[in-house]
Structures are given as structure tokens and as C-alpha cells.
Amino acid sequence: MTEGKIVSWVKTEGDKLAKGEIVLVVESDKADMDIESFYDGYLATIIVPEGGSAPVGSTIALLAESEDEISLAKAKIPTSISYSSQEMTTPAAVVTEEVVSPVATAVEVSSSNAGPAKM
């Protein structure tokens with residue numbers, strides 16, 4: 001598997017996530033897979049929407065540690081991402097204060113078909 005298609009997001013932006021909770025469904029070349037969160041936090045922003053595809057290991061969403069950090073995580077997303085010959089544009093956000101520690105964890109699709117993907 002070199003890329004996965006986002007079938008559906010079970011959670012929406014701003015939702016609180018618990019470790020082990022299903023966040024989205026990804027279609028691989030063999031089957032649809034439920035993708036679990038490996039962390040507690042909040043789904044800050046979805047980068048690859050339903051129906052979109054992304055290479056294995058690429059960032060498809062950002063997870064913030066607290067509700068207060070959601071806006072900071074949104075400011076970390078690139079303004080333009082190109083996956084599978086399709087370009088997705090997201091509005092640029094402005095950060096007014098310096099962020100010292102990381103506030104978001106990247107959600108990644110794992111190439112393993114043996115279990116839940118790394119998130």
C-alpha cells in the first residue's frame with residue numbers, strides 16, 4: 001500500500017478523542033480499515049477531507065493536547081498540500097505569539113495491514 005483514501009471521518013474538528021477511539025476509516029488496496037487514536041486530545045483540524053487520498057505516512061490531520069491549543073495547531077498546517085495530483089488549499093492562519101513546545105501530533109496512515117494505523 002502506497003496511499004490510502006479517506007472513506008469517512010468518524011470524528012469532526014474540535015471533537016475530544018480518547019486513546020483507542022476510532023477517528024476515521026481508510027480504504028486500502030485490500031480493505032477498509034478503522035483508524036484509532038493513539039493519544040488523548042482534540043481533533044484540531046482535518047487536512048485531507050473525505051474522498052481525498054494521501055501517501056502512507058503523510059499528515060492527514062492534527063491533534064491538539066487541549067482545547068486551547070486547537071487554534072495554535074490550525075496555524076501549523078501548510079497553506080497548500082498536494083497529494084495524488086490533487087491540490088488542497090487551506091486558509092493561512094496567523095500566530096500572534098511564539099509557540100515554545102509542540103502543540104499538535106500528526107495523524108499518519110500506517111502501511112501495515114495487520115492492525116490499526118499509527119496516529
# chains A, B, ... in the order shown; residues from 1 in each chain; ligands from 1
$ select_by_dssp --residues "stretch 31-86 of chain A" --states "helix (DSSP H, G or I)" --output "list in words"
Glu67, Asp68, Glu69, Ile70, Ser71, Leu72, Ala73, Lys74 and Ala75 of chain A
$ closest_residue --among "A:Ala73, A:Ser53, A:Thr59, A:Ile47" --to "A:Val26" --atoms "only C-alpha atoms"
A:Ser53
$ residues_around --residues "A:Glu69" --least-positions-apart "3" --cutoff "9 Å" --atoms "only C-alpha atoms" --output "ChimeraX atom specification"
/A:42,44,64-66,72-74,103-104
$ write_last_selection --atoms "all heavy atoms" --output "compact mmCIF listing (two decimals), in the first residue's frame"
# COMPACT_ATOMS: atom_id res chain seq x y z
N TYR A 42 -7.64 16.53 21.16
CA TYR A 42 -8.74 17.09 20.38
C TYR A 42 -8.36 17.08 18.91
O TYR A 42 -7.23 17.41 18.56
CB TYR A 42 -9.03 18.54 20.81
CG TYR A 42 -9.58 18.61 22.21
CD1 TYR A 42 -8.73 18.63 23.30
CD2 TYR A 42 -10.95 18.63 22.44
CE1 TYR A 42 -9.22 18.68 24.59
CE2 TYR A 42 -11.45 18.67 23.73
CZ TYR A 42 -10.58 18.70 24.80
OH TYR A 42 -11.08 18.73 26.07
N ALA A 44 -7.89 18.79 16.05
CA ALA A 44 -7.77 20.22 15.80
C ALA A 44 -8.21 20.60 14.39
O ALA A 44 -9.00 21.51 14.20
CB ALA A 44 -6.33 20.68 16.04
N ALA A 64 -4.56 18.23 18.85
CA ALA A 64 -4.09 19.16 19.87
C ALA A 64 -4.27 18.51 21.24
O ALA A 64 -5.18 17.72 21.46
CB ALA A 64 -4.86 20.46 19.80
N GLU A 65 -3.39 18.88 22.18
CA GLU A 65 -3.45 18.32 23.52
C GLU A 65 -4.61 18.88 24.34
O GLU A 65 -5.14 18.21 25.20
CB GLU A 65 -2.13 18.55 24.24
CG GLU A 65 -0.99 17.75 23.64
CD GLU A 65 0.34 18.01 24.33
OE1 GLU A 65 0.40 18.84 25.26
OE2 GLU A 65 1.32 17.38 23.93
N SER A 66 -5.00 20.15 24.09
CA SER A 66 -6.10 20.77 24.84
C SER A 66 -6.93 21.63 23.89
O SER A 66 -6.50 21.95 22.78
CB SER A 66 -5.56 21.64 25.98
OG SER A 66 -4.92 22.79 25.45
N LEU A 72 -3.79 27.06 17.79
CA LEU A 72 -2.35 27.01 17.53
C LEU A 72 -2.01 25.88 16.56
O LEU A 72 -1.16 26.03 15.69
CB LEU A 72 -1.58 26.85 18.83
CG LEU A 72 -1.69 28.01 19.82
CD1 LEU A 72 -0.99 27.65 21.13
CD2 LEU A 72 -1.12 29.27 19.23
N ALA A 73 -2.69 24.75 16.71
CA ALA A 73 -2.46 23.62 15.81
C ALA A 73 -2.90 23.98 14.39
O ALA A 73 -2.22 23.66 13.42
CB ALA A 73 -3.19 22.38 16.30
N LYS A 74 -4.03 24.67 14.26
CA LYS A 74 -4.51 25.08 12.94
C LYS A 74 -3.51 26.01 12.26
O LYS A 74 -3.36 25.99 11.05
CB LYS A 74 -5.87 25.76 13.05
CG LYS A 74 -7.00 24.78 13.31
CD LYS A 74 -8.33 25.48 13.31
CE LYS A 74 -9.43 24.45 13.49
NZ LYS A 74 -10.76 25.01 13.29
N VAL A 103 2.46 21.61 19.93
CA VAL A 103 1.08 21.57 20.39
C VAL A 103 0.23 20.56 19.65
O VAL A 103 -0.90 20.33 20.02
CB VAL A 103 0.40 22.96 20.26
CG1 VAL A 103 1.08 23.95 21.15
CG2 VAL A 103 0.38 23.43 18.83
N ALA A 104 0.77 19.97 18.62
CA ALA A 104 -0.05 19.04 17.84
C ALA A 104 0.75 17.82 17.45
O ALA A 104 1.96 17.87 17.31
CB ALA A 104 -0.56 19.73 16.58
$ closest_atom_pairs --of "stretch 43-68 of chain A" --to "stretch 1-17 of chain A" --cutoff "6 Å" --atoms "only C-alpha atoms" --output "tab-separated table"
residue	atom	partner	partner_atom	distance
A:Leu43	CA	A:Glu13	CA	5.1
A:Ala44	CA	A:Gly14	CA	5.5
A:Thr45	CA	A:Glu13	CA	5.4
A:Glu50	CA	A:Ile6	CA	5.1
A:Gly51	CA	A:Ile6	CA	5.3
A:Gly52	CA	A:Ile6	CA	5.6
A:Ser53	CA	A:Lys5	CA	4.2
A:Ala54	CA	A:Glu3	CA	5.5
A:Pro55	CA	A:Glu3	CA	4.1
A:Val56	CA	A:Glu3	CA	5.0
$ closest_residue --among "A:Gly57, A:Gly41, A:Gly20, A:Pro49" --to "A:Ile70" --atoms "only C-alpha atoms"
A:Gly41
